[in-house]
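J.: Have a peek at protein_10.cif (mmCIF, C-alpha atoms and all ligand atoms).
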```
data_input
loop_
_atom_site.label_atom_id
_atom_site.label_comp_id
_atom_site.auth_asym_id
_atom_site.auth_seq_id
_atom_site.Cartn_x
_atom_site.Cartn_y
_atom_site.Cartn_z
CA MET A 1 -36.14 -23.72 7.54
CA SER A 2 -38.30 -21.05 5.86
CA ASP A 3 -35.49 -20.35 3.35
CA LEU A 4 -36.02 -23.85 2.03
CA PHE A 5 -39.25 -22.66 0.42
CA SER A 6 -38.17 -19.10 -0.42
CA LEU A 7 -38.04 -17.93 -4.04
CA LYS A 8 -36.33 -14.63 -3.26
CA GLY A 9 -33.97 -13.51 -6.02
CA ARG A 10 -35.52 -15.83 -8.60
CA THR A 11 -37.46 -14.83 -11.70
CA ALA A 12 -40.34 -17.08 -12.74
CA LEU A 13 -42.25 -17.11 -16.02
CA VAL A 14 -45.81 -18.42 -15.70
CA THR A 15 -47.76 -19.00 -18.92
CA GLY A 16 -51.48 -18.26 -18.89
CA ALA A 17 -51.16 -16.25 -15.68
CA ASN A 18 -54.12 -13.92 -16.26
CA ALA A 19 -56.79 -16.35 -15.00
CA GLY A 20 -57.55 -19.58 -13.17
CA ILE A 21 -54.77 -21.88 -12.04
CA GLY A 22 -52.00 -19.80 -13.64
CA GLN A 23 -53.14 -16.69 -11.82
CA ALA A 24 -53.10 -18.46 -8.45
CA ILE A 25 -49.64 -19.86 -9.15
CA ALA A 26 -48.27 -16.46 -10.22
CA VAL A 27 -49.54 -14.77 -7.07
CA THR A 28 -48.21 -17.53 -4.82
CA LEU A 29 -44.74 -17.55 -6.43
CA ALA A 30 -44.59 -13.77 -6.06
CA GLY A 31 -45.65 -14.12 -2.42
CA GLN A 32 -42.70 -16.46 -1.93
CA GLY A 33 -40.37 -13.77 -3.27
CA ALA A 34 -40.06 -14.47 -7.00
CA HIS A 35 -40.36 -11.73 -9.62
CA VAL A 36 -43.09 -13.15 -11.87
CA LEU A 37 -43.38 -12.70 -15.63
CA CYS A 38 -47.03 -13.28 -16.50
CA ALA A 39 -46.92 -14.61 -20.05
CA GLY A 40 -50.13 -14.57 -22.03
CA ARG A 41 -51.99 -13.18 -25.00
CA ARG A 42 -53.52 -10.34 -22.96
CA ALA A 43 -52.30 -8.16 -20.09
CA SER A 44 -52.43 -9.79 -16.67
CA ASP A 45 -53.70 -6.69 -14.89
CA ASP A 46 -55.79 -8.53 -12.27
CA THR A 47 -52.93 -10.88 -11.47
CA LEU A 48 -50.45 -8.01 -11.18
CA ALA A 49 -52.83 -6.19 -8.82
CA ALA A 50 -53.05 -9.31 -6.64
CA ILE A 51 -49.26 -9.70 -6.74
CA ASP A 52 -48.87 -6.08 -5.71
CA ALA A 53 -51.35 -6.57 -2.86
CA ALA A 54 -49.29 -9.57 -1.70
CA GLY A 55 -46.17 -7.35 -1.62
CA GLY A 56 -44.61 -9.01 -4.66
CA THR A 57 -43.46 -7.89 -8.10
CA GLY A 58 -44.33 -8.97 -11.62
CA GLU A 59 -44.95 -7.84 -15.18
CA THR A 60 -46.88 -8.87 -18.26
CA VAL A 61 -45.11 -10.53 -21.17
CA LEU A 62 -47.36 -10.73 -24.24
CA VAL A 63 -47.17 -14.00 -26.16
CA ASP A 64 -49.75 -16.09 -28.01
CA PHE A 65 -49.03 -19.81 -27.97
CA ALA A 66 -51.45 -20.39 -30.84
CA ASP A 67 -48.11 -20.00 -32.62
CA PRO A 68 -46.38 -22.96 -30.99
CA MET A 69 -42.93 -21.45 -31.64
CA ALA A 70 -43.86 -18.13 -29.98
CA GLY A 71 -41.91 -18.99 -26.83
CA ARG A 72 -38.58 -19.21 -28.67
CA ASP A 73 -37.43 -15.70 -27.81
CA LEU A 74 -39.00 -15.35 -24.37
CA PHE A 75 -35.81 -15.97 -22.41
CA ALA A 76 -33.27 -13.91 -24.36
CA GLY A 77 -31.97 -11.16 -22.11
CA ARG A 78 -34.05 -12.34 -19.15
CA ASP A 79 -32.60 -14.16 -16.16
CA VAL A 80 -35.49 -16.60 -15.75
CA SER A 81 -34.77 -19.74 -13.70
CA LEU A 82 -38.33 -20.96 -13.00
CA LEU A 83 -40.84 -21.87 -15.72
CA VAL A 84 -44.45 -22.86 -15.11
CA ASN A 85 -46.13 -24.15 -18.28
CA ASN A 86 -49.77 -23.59 -17.42
CA ALA A 87 -51.43 -22.15 -20.56
CA GLY A 88 -53.83 -24.66 -22.01
CA ILE A 89 -57.09 -25.02 -23.90
CA ILE A 90 -59.76 -27.69 -24.23
CA ARG A 91 -62.16 -28.36 -27.15
CA ARG A 92 -65.02 -30.81 -26.64
CA ALA A 93 -66.70 -33.03 -29.27
CA ASP A 94 -67.42 -36.72 -29.70
CA SER A 95 -64.37 -38.49 -31.09
CA VAL A 96 -66.30 -39.59 -34.20
CA ASP A 97 -66.90 -35.93 -35.03
CA TYR A 98 -63.65 -34.39 -33.79
CA GLY A 99 -62.22 -31.95 -36.34
CA GLU A 100 -58.65 -31.35 -37.46
CA ASP A 101 -58.83 -27.65 -36.56
CA ASP A 102 -59.70 -28.46 -32.96
CA TRP A 103 -57.05 -31.19 -32.84
CA ASP A 104 -54.32 -28.85 -34.12
CA ALA A 105 -55.33 -25.92 -31.91
CA VAL A 106 -55.24 -28.02 -28.74
CA MET A 107 -52.04 -29.84 -29.59
CA ASP A 108 -50.29 -26.60 -30.60
CA VAL A 109 -51.01 -24.78 -27.33
CA ASN A 110 -50.95 -27.67 -24.86
CA LEU A 111 -48.06 -29.72 -26.21
CA LYS A 112 -46.03 -28.23 -29.07
CA ALA A 113 -45.78 -24.74 -27.55
CA LEU A 114 -45.01 -26.27 -24.16
CA PHE A 115 -42.12 -28.26 -25.62
CA PHE A 116 -40.53 -25.47 -27.64
CA THR A 117 -40.97 -22.89 -24.87
CA THR A 118 -39.31 -25.28 -22.44
CA GLN A 119 -36.56 -26.01 -24.95
CA ALA A 120 -35.78 -22.29 -25.16
CA PHE A 121 -35.79 -22.04 -21.36
CA GLY A 122 -33.49 -25.05 -20.99
CA ARG A 123 -31.08 -23.80 -23.64
CA ALA A 124 -30.75 -20.43 -21.90
CA LEU A 125 -30.23 -21.94 -18.44
CA ILE A 126 -27.75 -24.55 -19.62
CA ALA A 127 -25.76 -21.85 -21.45
CA ARG A 128 -25.63 -19.83 -18.23
CA GLU A 129 -24.81 -22.95 -16.18
CA GLU A 130 -27.56 -22.05 -13.71
CA PRO A 131 -29.96 -24.39 -11.91
CA GLY A 132 -33.68 -24.09 -12.47
CA ALA A 133 -37.07 -25.72 -12.35
CA VAL A 134 -39.86 -26.47 -14.81
CA VAL A 135 -43.39 -27.17 -13.61
CA ASN A 136 -45.80 -28.43 -16.26
CA ILE A 137 -49.53 -28.41 -15.64
CA ALA A 138 -50.70 -31.84 -16.70
CA SER A 139 -54.14 -33.31 -15.91
CA LEU A 140 -56.00 -36.34 -14.63
CA LEU A 141 -56.25 -36.96 -18.38
CA SER A 142 -52.50 -37.59 -18.37
CA PHE A 143 -53.59 -40.93 -16.83
CA GLN A 144 -57.25 -41.39 -17.72
CA GLY A 145 -59.13 -41.20 -21.01
CA GLY A 146 -61.87 -38.71 -20.31
CA ILE A 147 -64.88 -38.26 -22.59
CA ARG A 148 -65.24 -36.06 -25.72
CA VAL A 149 -61.78 -34.50 -25.38
CA PRO A 150 -59.46 -36.65 -27.54
CA ALA A 151 -56.93 -33.93 -28.38
CA TYR A 152 -56.80 -32.72 -24.79
CA THR A 153 -56.22 -36.26 -23.51
CA ALA A 154 -53.50 -36.89 -26.10
CA SER A 155 -51.83 -33.58 -25.29
CA LYS A 156 -51.85 -34.15 -21.54
CA HIS A 157 -50.51 -37.71 -21.88
CA GLY A 158 -47.80 -36.04 -23.96
CA VAL A 159 -47.09 -33.49 -21.23
CA ALA A 160 -46.46 -36.32 -18.74
CA GLY A 161 -44.06 -37.95 -21.20
CA LEU A 162 -42.16 -34.74 -21.92
CA THR A 163 -41.85 -34.13 -18.18
CA LYS A 164 -39.98 -37.42 -17.85
CA ILE A 165 -37.67 -37.13 -20.85
CA LEU A 166 -36.68 -33.54 -20.04
CA ALA A 167 -36.08 -34.52 -16.41
CA ASN A 168 -33.75 -37.28 -17.59
CA GLU A 169 -31.80 -35.04 -19.96
CA TRP A 170 -31.54 -32.00 -17.71
CA ALA A 171 -30.91 -33.50 -14.28
CA PRO A 172 -27.14 -33.26 -14.88
CA HIS A 173 -27.64 -29.52 -15.43
CA ARG A 174 -29.46 -29.14 -12.07
CA ILE A 175 -32.74 -28.35 -13.83
CA THR A 176 -35.69 -30.23 -12.35
CA VAL A 177 -38.74 -30.97 -14.51
CA ASN A 178 -41.97 -32.00 -12.82
CA ALA A 179 -45.69 -31.82 -13.47
CA ILE A 180 -48.83 -31.29 -11.46
CA ALA A 181 -51.99 -33.18 -12.38
CA PRO A 182 -54.86 -31.03 -11.08
CA GLY A 183 -58.15 -32.72 -10.33
CA TYR A 184 -61.41 -31.00 -11.16
CA ILE A 185 -60.77 -27.32 -10.50
CA ALA A 186 -63.48 -24.68 -10.83
CA THR A 187 -62.18 -22.49 -13.68
CA SER A 188 -63.36 -21.56 -17.18
CA ASN A 189 -61.65 -24.74 -18.45
CA THR A 190 -64.28 -26.83 -16.62
CA GLN A 191 -67.24 -24.44 -16.99
CA ALA A 192 -69.10 -26.82 -19.34
CA LEU A 193 -68.84 -29.61 -16.75
CA GLN A 194 -69.86 -27.34 -13.87
CA ASP A 195 -72.90 -26.26 -15.91
CA ASP A 196 -73.98 -29.85 -16.68
CA PRO A 197 -75.95 -31.04 -13.62
CA ALA A 198 -75.50 -34.78 -14.39
CA ARG A 199 -71.74 -34.56 -15.05
CA SER A 200 -71.20 -32.17 -12.17
CA THR A 201 -72.96 -34.47 -9.68
CA ALA A 202 -71.14 -37.56 -10.98
CA ILE A 203 -67.79 -35.78 -10.64
CA LEU A 204 -68.50 -34.49 -7.16
CA ASP A 205 -69.68 -37.91 -5.97
CA ARG A 206 -66.30 -39.39 -6.86
CA ILE A 207 -64.05 -36.79 -5.22
CA PRO A 208 -63.07 -38.03 -1.75
CA ALA A 209 -62.48 -34.44 -0.61
CA GLY A 210 -66.15 -33.77 -1.37
CA ARG A 211 -65.62 -30.53 -3.30
CA TRP A 212 -64.31 -29.17 -6.56
CA GLY A 213 -60.78 -27.84 -6.30
CA ASP A 214 -59.92 -24.15 -6.20
CA PRO A 215 -57.01 -22.69 -8.25
CA GLY A 216 -55.29 -21.94 -4.94
CA ASP A 217 -55.20 -25.68 -4.21
CA ILE A 218 -52.66 -26.10 -7.01
CA ALA A 219 -50.43 -23.12 -6.23
CA GLY A 220 -48.69 -24.44 -3.12
CA THR A 221 -47.47 -27.55 -4.93
CA ALA A 222 -46.12 -25.39 -7.74
CA ALA A 223 -44.28 -23.18 -5.25
CA PHE A 224 -42.82 -26.28 -3.57
CA LEU A 225 -41.62 -27.70 -6.90
CA CYS A 226 -39.94 -24.36 -7.72
CA SER A 227 -38.20 -24.17 -4.36
CA GLY A 228 -34.96 -25.57 -2.99
CA ALA A 229 -37.06 -27.97 -0.91
CA ALA A 230 -37.72 -29.91 -4.13
CA SER A 231 -34.18 -29.92 -5.53
CA TYR A 232 -34.07 -33.77 -5.60
CA VAL A 233 -37.61 -34.11 -6.98
CA THR A 234 -37.59 -34.55 -10.75
CA GLY A 235 -39.52 -36.45 -13.41
CA THR A 236 -42.64 -36.79 -11.28
CA VAL A 237 -46.28 -35.99 -11.88
CA ILE A 238 -47.92 -34.99 -8.59
CA ASN A 239 -51.68 -35.46 -8.39
CA VAL A 240 -53.47 -32.59 -6.65
CA ASP A 241 -56.97 -33.94 -7.02
CA GLY A 242 -58.73 -34.23 -3.67
CA GLY A 243 -58.13 -37.99 -3.85
CA TRP A 244 -59.79 -38.60 -7.25
CA LEU A 245 -57.15 -40.99 -8.61
CA ALA A 246 -56.95 -42.93 -5.34
CA ARG A 247 -60.60 -43.87 -5.63
P1 LIG A 301 -58.38 -21.15 -17.75
O1 LIG A 301 -58.95 -20.34 -16.63
O2 LIG A 301 -59.14 -21.26 -19.03
O3 LIG A 301 -56.89 -20.63 -18.02
C1 LIG A 301 -56.19 -21.00 -19.17
C2 LIG A 301 -55.04 -20.02 -19.34
O4 LIG A 301 -54.32 -20.37 -20.53
C3 LIG A 301 -55.54 -18.59 -19.53
O5 LIG A 301 -54.67 -17.72 -18.89
C4 LIG A 301 -55.49 -18.44 -21.03
O6 LIG A 301 -55.39 -17.12 -21.47
C5 LIG A 301 -54.22 -19.21 -21.33
N1 LIG A 301 -54.13 -19.48 -22.75
C6 LIG A 301 -55.00 -20.21 -23.50
N2 LIG A 301 -54.61 -20.17 -24.78
C7 LIG A 301 -53.50 -19.40 -24.85
C8 LIG A 301 -52.66 -18.97 -25.90
N3 LIG A 301 -52.90 -19.30 -27.19
N4 LIG A 301 -51.59 -18.19 -25.61
C9 LIG A 301 -51.37 -17.80 -24.33
N5 LIG A 301 -52.12 -18.18 -23.29
C10 LIG A 301 -53.19 -18.95 -23.56
O7 LIG A 301 -58.20 -22.64 -17.30
P2 LIG A 301 -57.40 -23.34 -16.10
O8 LIG A 301 -58.28 -24.38 -15.57
O9 LIG A 301 -56.82 -22.34 -15.17
O10 LIG A 301 -56.25 -24.06 -16.94
C11 LIG A 301 -54.87 -23.90 -16.67
C12 LIG A 301 -54.16 -25.19 -16.97
O11 LIG A 301 -54.63 -26.20 -16.07
C13 LIG A 301 -54.42 -25.74 -18.38
O12 LIG A 301 -53.22 -26.29 -18.89
C14 LIG A 301 -55.44 -26.83 -18.13
O13 LIG A 301 -55.41 -27.82 -19.13
C15 LIG A 301 -54.96 -27.35 -16.80
N6 LIG A 301 -55.93 -28.14 -16.05
C16 LIG A 301 -57.09 -27.58 -15.58
C17 LIG A 301 -57.96 -28.37 -14.85
C18 LIG A 301 -59.25 -27.85 -14.29
O14 LIG A 301 -60.01 -28.64 -13.71
N7 LIG A 301 -59.54 -26.58 -14.39
C19 LIG A 301 -57.68 -29.71 -14.61
C20 LIG A 301 -56.50 -30.24 -15.10
C21 LIG A 301 -55.62 -29.44 -15.82
P3 LIG A 301 -56.69 -16.33 -22.01
O15 LIG A 301 -57.35 -15.81 -20.77
O16 LIG A 301 -56.14 -15.26 -22.88
O17 LIG A 301 -57.55 -17.30 -22.73
#
```
Reformat the file's structure so that it appears as structure tokens.
Ligand code: NAP
T.:
Amino acid sequence: MSDLFSLKGRTALVTGANAGIGQAIAVTLAGQGAHVLCAGRRASDDTLAAIDAAGGTGETVLVDFADPMAGRDLFAGRDVSLLVNNAGIIRRADSVDYGEDDWDAVMDVNLKALFFTTQAFGRALIAREEPGAVVNIASLLSFQGGIRVPAYTASKHGVAGLTKILANEWAPHRITVNAIAPGYIATSNTQALQDDPARSTAILDRIPAGRWGDPGDIAGTAAFLCSGAASYVTGTVINVDGGWLAR
């Protein structure tokens, strides 16, 4: 039974693994037995220390997704069969004022880099005829509009769509593609909301679980989606939101 959830012998690449949700996912996948490549624009020393403490193994892979094609060469010569696309940014401004620079920066990291990194991963796996799993980190704003984050909302709706098309195309190759839609998780991504007493209270009042989420709340679902227990789960977006969308 426990083997159903084991990731022993697998190598996972987690983007944006040096902080927040990505860090929690990297540590959890390593705890389940995967060797974890922590892909980001700076060394993931804290994450690697936590992985080590959990008895796992990992390494930093430096890559900056501000260049949306930067993931092209990540999989050459590496036997990676699990990909977690977690790196993401948010830029806030009223839609009437939203600038092209902010639009392009958000779309490049959150959507274009995610697609071309996943394309490279899929190409490598299909060439090797090996099964694998992709887990995309989507958002409640894959379903809802949000406020003052037009590029982020567009990018995360796009992530949900890409999850479905890639699932359709790659199911015959035994590659599952799923997404997680985190609710409101206390990380630097939501610092502006946490610091705004009115928004913070309004958000908390609507969460049935009665608390903001913790990065660790997302990690178990990611580990499940990477595991053999989820081999017939593909094309889904799983809400991990303390009940927010049910309300
Ligand atoms: P976070 O703490 O700000 O982490 C974001 C991660 O993405 C960091 O590791 C960051 O690296 C990395 N990243 C950003 N730009 C990058 C680039 N150009 N190249 C490489 N890595 C880059 O925020 P988080 O909340 O954990 O966010 C993780 C994911 O969850 C994002 O996709 C976010 O949209 C999504 N999400 C978060 C929430 C929430 O409530 N927190 C809700 C829904 C979805 P640096 O440290 O170098 O910046």
J.: Within 8 Å of (-48.6, -22.9, -28.4), only C-alpha atoms: residues as JSON, numbers by chain?
T.: {"A": [64, 65, 66, 67, 68, 69, 70, 71, 107, 108, 109, 110, 111, 112, 113, 114]}
J.: Hey, what's within 8 Å of His157 of chain A if we count all atoms listed in the file and toss same-chain stuff fewer than 4 positions away? As a ChimeraX atom specification, please?
T.: /A:138,141-143,153,161
J.: Of the candidates A:Lys156, A:Arg41, A:Arg211, A:Arg247, which shows the shortest atom-to-atom distance to Thr15 of chain A, using only C-alpha atoms?
T.: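 Using only C-alpha atoms, the shortest distance to Thr15 of chain A belongs to A:Arg41.
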J.: Can you work out which one of A:Ile137, A:Ala30, A:Ala39, A:Ile207 has the shortest atom-to-atom distance to Ser155 of chain A, counting all atoms listed in the file?
T.: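 Nearest to Ser155 of chain A: A:Ile137.
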J.: For ligand LIG 301 (chain A), which residue among A:Val36, A:Ala186, A:Val106, A:Ala53 is the nearest when counting only C-alpha atoms and all ligand atoms?
T.: A:Ala186
J.: Give one line per residue of chain A that approaches ligand LIG 301 (chain A) to at most 6 Å, naming the two atoms of the closest pair and their distance in Å to one decimal, counting all atoms listed in the file; sort by chain then ascending residue number and deliver it as JSON lines.
T.:
```
{"residue": "A:Gly16", "atom": "CA", "partner": "A:LIG301", "partner_atom": "O5", "distance": 3.2}
{"residue": "A:Ala17", "atom": "CA", "partner": "A:LIG301", "partner_atom": "O5", "distance": 5.0}
{"residue": "A:Asn18", "atom": "CA", "partner": "A:LIG301", "partner_atom": "O5", "distance": 4.7}
{"residue": "A:Ala19", "atom": "CA", "partner": "A:LIG301", "partner_atom": "O5", "distance": 4.6}
{"residue": "A:Gly20", "atom": "CA", "partner": "A:LIG301", "partner_atom": "O9", "distance": 3.5}
{"residue": "A:Ile21", "atom": "CA", "partner": "A:LIG301", "partner_atom": "O9", "distance": 3.8}
{"residue": "A:Gly22", "atom": "CA", "partner": "A:LIG301", "partner_atom": "O9", "distance": 5.7}
{"residue": "A:Gly40", "atom": "CA", "partner": "A:LIG301", "partner_atom": "C9", "distance": 4.2}
{"residue": "A:Arg41", "atom": "CA", "partner": "A:LIG301", "partner_atom": "C9", "distance": 4.7}
{"residue": "A:Arg42", "atom": "CA", "partner": "A:LIG301", "partner_atom": "O16", "distance": 5.6}
{"residue": "A:Val63", "atom": "CA", "partner": "A:LIG301", "partner_atom": "C9", "distance": 6.0}
{"residue": "A:Asp64", "atom": "CA", "partner": "A:LIG301", "partner_atom": "N4", "distance": 3.7}
{"residue": "A:Phe65", "atom": "CA", "partner": "A:LIG301", "partner_atom": "N4", "distance": 3.8}
{"residue": "A:Ala66", "atom": "CA", "partner": "A:LIG301", "partner_atom": "N3", "distance": 4.1}
{"residue": "A:Asn86", "atom": "CA", "partner": "A:LIG301", "partner_atom": "O12", "distance": 4.6}
{"residue": "A:Ala87", "atom": "CA", "partner": "A:LIG301", "partner_atom": "O4", "distance": 3.4}
{"residue": "A:Gly88", "atom": "CA", "partner": "A:LIG301", "partner_atom": "O12", "distance": 3.6}
{"residue": "A:Ile89", "atom": "CA", "partner": "A:LIG301", "partner_atom": "C6", "distance": 5.3}
{"residue": "A:Val109", "atom": "CA", "partner": "A:LIG301", "partner_atom": "N3", "distance": 5.8}
{"residue": "A:Ile137", "atom": "CA", "partner": "A:LIG301", "partner_atom": "O12", "distance": 5.4}
{"residue": "A:Ala138", "atom": "CA", "partner": "A:LIG301", "partner_atom": "C21", "distance": 5.5}
{"residue": "A:Ser139", "atom": "CA", "partner": "A:LIG301", "partner_atom": "C20", "distance": 4.0}
{"residue": "A:Pro182", "atom": "CA", "partner": "A:LIG301", "partner_atom": "C20", "distance": 4.4}
{"residue": "A:Gly183", "atom": "CA", "partner": "A:LIG301", "partner_atom": "C19", "distance": 5.3}
{"residue": "A:Tyr184", "atom": "CA", "partner": "A:LIG301", "partner_atom": "O14", "distance": 3.7}
{"residue": "A:Ile185", "atom": "CA", "partner": "A:LIG301", "partner_atom": "O14", "distance": 3.6}
{"residue": "A:Ala186", "atom": "CA", "partner": "A:LIG301", "partner_atom": "N7", "distance": 5.6}
{"residue": "A:Thr187", "atom": "CA", "partner": "A:LIG301", "partner_atom": "O8", "distance": 4.7}
{"residue": "A:Ser188", "atom": "CA", "partner": "A:LIG301", "partner_atom": "O1", "distance": 4.6}
{"residue": "A:Asn189", "atom": "CA", "partner": "A:LIG301", "partner_atom": "O7", "distance": 4.2}
{"residue": "A:Thr190", "atom": "CA", "partner": "A:LIG301", "partner_atom": "N7", "distance": 5.2}
```
J.: Go ahead and save the residues from that selection, with C-alpha atoms, as a PDB file, keeping the file's coordinate frame.
T.:
```pdb
ATOM      1  CA  GLY A  16     -51.480 -18.260 -18.890  1.00  0.00           C
ATOM      2  CA  ALA A  17     -51.160 -16.250 -15.680  1.00  0.00           C
ATOM      3  CA  ASN A  18     -54.120 -13.920 -16.260  1.00  0.00           C
ATOM      4  CA  ALA A  19     -56.790 -16.350 -15.000  1.00  0.00           C
ATOM      5  CA  GLY A  20     -57.550 -19.580 -13.170  1.00  0.00           C
ATOM      6  CA  ILE A  21     -54.770 -21.880 -12.040  1.00  0.00           C
ATOM      7  CA  GLY A  22     -52.000 -19.800 -13.640  1.00  0.00           C
ATOM      8  CA  GLY A  40     -50.130 -14.570 -22.030  1.00  0.00           C
ATOM      9  CA  ARG A  41     -51.990 -13.180 -25.000  1.00  0.00           C
ATOM     10  CA  ARG A  42     -53.520 -10.340 -22.960  1.00  0.00           C
ATOM     11  CA  VAL A  63     -47.170 -14.000 -26.160  1.00  0.00           C
ATOM     12  CA  ASP A  64     -49.750 -16.090 -28.010  1.00  0.00           C
ATOM     13  CA  PHE A  65     -49.030 -19.810 -27.970  1.00  0.00           C
ATOM     14  CA  ALA A  66     -51.450 -20.390 -30.840  1.00  0.00           C
ATOM     15  CA  ASN A  86     -49.770 -23.590 -17.420  1.00  0.00           C
ATOM     16  CA  ALA A  87     -51.430 -22.150 -20.560  1.00  0.00           C
ATOM     17  CA  GLY A  88     -53.830 -24.660 -22.010  1.00  0.00           C
ATOM     18  CA  ILE A  89     -57.090 -25.020 -23.900  1.00  0.00           C
ATOM     19  CA  VAL A 109     -51.010 -24.780 -27.330  1.00  0.00           C
ATOM     20  CA  ILE A 137     -49.530 -28.410 -15.640  1.00  0.00           C
ATOM     21  CA  ALA A 138     -50.700 -31.840 -16.700  1.00  0.00           C
ATOM     22  CA  SER A 139     -54.140 -33.310 -15.910  1.00  0.00           C
ATOM     23  CA  PRO A 182     -54.860 -31.030 -11.080  1.00  0.00           C
ATOM     24  CA  GLY A 183     -58.150 -32.720 -10.330  1.00  0.00           C
ATOM     25  CA  TYR A 184     -61.410 -31.000 -11.160  1.00  0.00           C
ATOM     26  CA  ILE A 185     -60.770 -27.320 -10.500  1.00  0.00           C
ATOM     27  CA  ALA A 186     -63.480 -24.680 -10.830  1.00  0.00           C
ATOM     28  CA  THR A 187     -62.180 -22.490 -13.680  1.00  0.00           C
ATOM     29  CA  SER A 188     -63.360 -21.560 -17.180  1.00  0.00           C
ATOM     30  CA  ASN A 189     -61.650 -24.740 -18.450  1.00  0.00           C
ATOM     31  CA  THR A 190     -64.280 -26.830 -16.620  1.00  0.00           C
TER      32      THR A 190
END
```
J.: Build an axis-aligned box that encloses every atom of segment 39-50 of chain A listed in the file, pad it by 5 Å on each side, and report its centre and edge lengths in Å to one decimal, as lines of an AutoDock Vina configuration file.
T.:
```
center_x = -51.4
center_y = -10.4
center_z = -15.8
size_x = 18.9
size_y = 18.4
size_z = 28.4
```
J.: If you measure from atom CA of Tyr232 of chain A to atom CA of Val134 of chain A, what distance in Å do you get, rounded to one decimal?
T.: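 So the two atoms, atom CA of Tyr232 of chain A and atom CA of Val134 of chain A, lie 13.1 Å apart.
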J.: Could segment 129-134 of chain A be completed with all heavy atoms and returned as a short mmCIF file (atom, residue, chain, number, x, y, z; two decimals), keeping the file's coordinate frame?
T.:
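To be explicit, this is the file written out as part.cif:
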```
data_model
loop_
_atom_site.label_atom_id
_atom_site.label_comp_id
_atom_site.auth_asym_id
_atom_site.auth_seq_id
_atom_site.Cartn_x
_atom_site.Cartn_y
_atom_site.Cartn_z
N GLU A 129 -25.23 -21.99 -17.22
CA GLU A 129 -24.81 -22.95 -16.18
C GLU A 129 -25.48 -22.66 -14.84
O GLU A 129 -24.85 -22.71 -13.79
CB GLU A 129 -23.28 -22.98 -16.05
CG GLU A 129 -22.60 -23.43 -17.32
CD GLU A 129 -21.09 -23.56 -17.18
OE1 GLU A 129 -20.56 -23.25 -16.10
OE2 GLU A 129 -20.46 -23.99 -18.16
N GLU A 130 -26.79 -22.34 -14.93
CA GLU A 130 -27.56 -22.05 -13.71
C GLU A 130 -28.59 -23.14 -13.47
O GLU A 130 -29.15 -23.69 -14.43
CB GLU A 130 -28.32 -20.73 -13.88
CG GLU A 130 -27.50 -19.49 -13.63
CD GLU A 130 -28.33 -18.23 -13.86
OE1 GLU A 130 -29.56 -18.26 -13.63
OE2 GLU A 130 -27.74 -17.23 -14.28
N PRO A 131 -28.90 -23.43 -12.20
CA PRO A 131 -29.96 -24.39 -11.91
C PRO A 131 -31.34 -23.77 -12.13
O PRO A 131 -31.48 -22.54 -12.16
CB PRO A 131 -29.76 -24.71 -10.43
CG PRO A 131 -29.10 -23.50 -9.88
CD PRO A 131 -28.28 -22.90 -10.98
N GLY A 132 -32.33 -24.61 -12.27
CA GLY A 132 -33.68 -24.09 -12.47
C GLY A 132 -34.72 -25.16 -12.30
O GLY A 132 -34.41 -26.32 -11.95
N ALA A 133 -35.96 -24.78 -12.51
CA ALA A 133 -37.07 -25.72 -12.35
C ALA A 133 -38.15 -25.45 -13.39
O ALA A 133 -38.44 -24.29 -13.70
CB ALA A 133 -37.67 -25.60 -10.95
N VAL A 134 -38.70 -26.53 -13.91
CA VAL A 134 -39.86 -26.47 -14.81
C VAL A 134 -41.01 -27.17 -14.11
O VAL A 134 -40.84 -28.27 -13.57
CB VAL A 134 -39.58 -27.19 -16.15
CG1 VAL A 134 -40.82 -27.16 -17.05
CG2 VAL A 134 -38.37 -26.59 -16.86
#
```
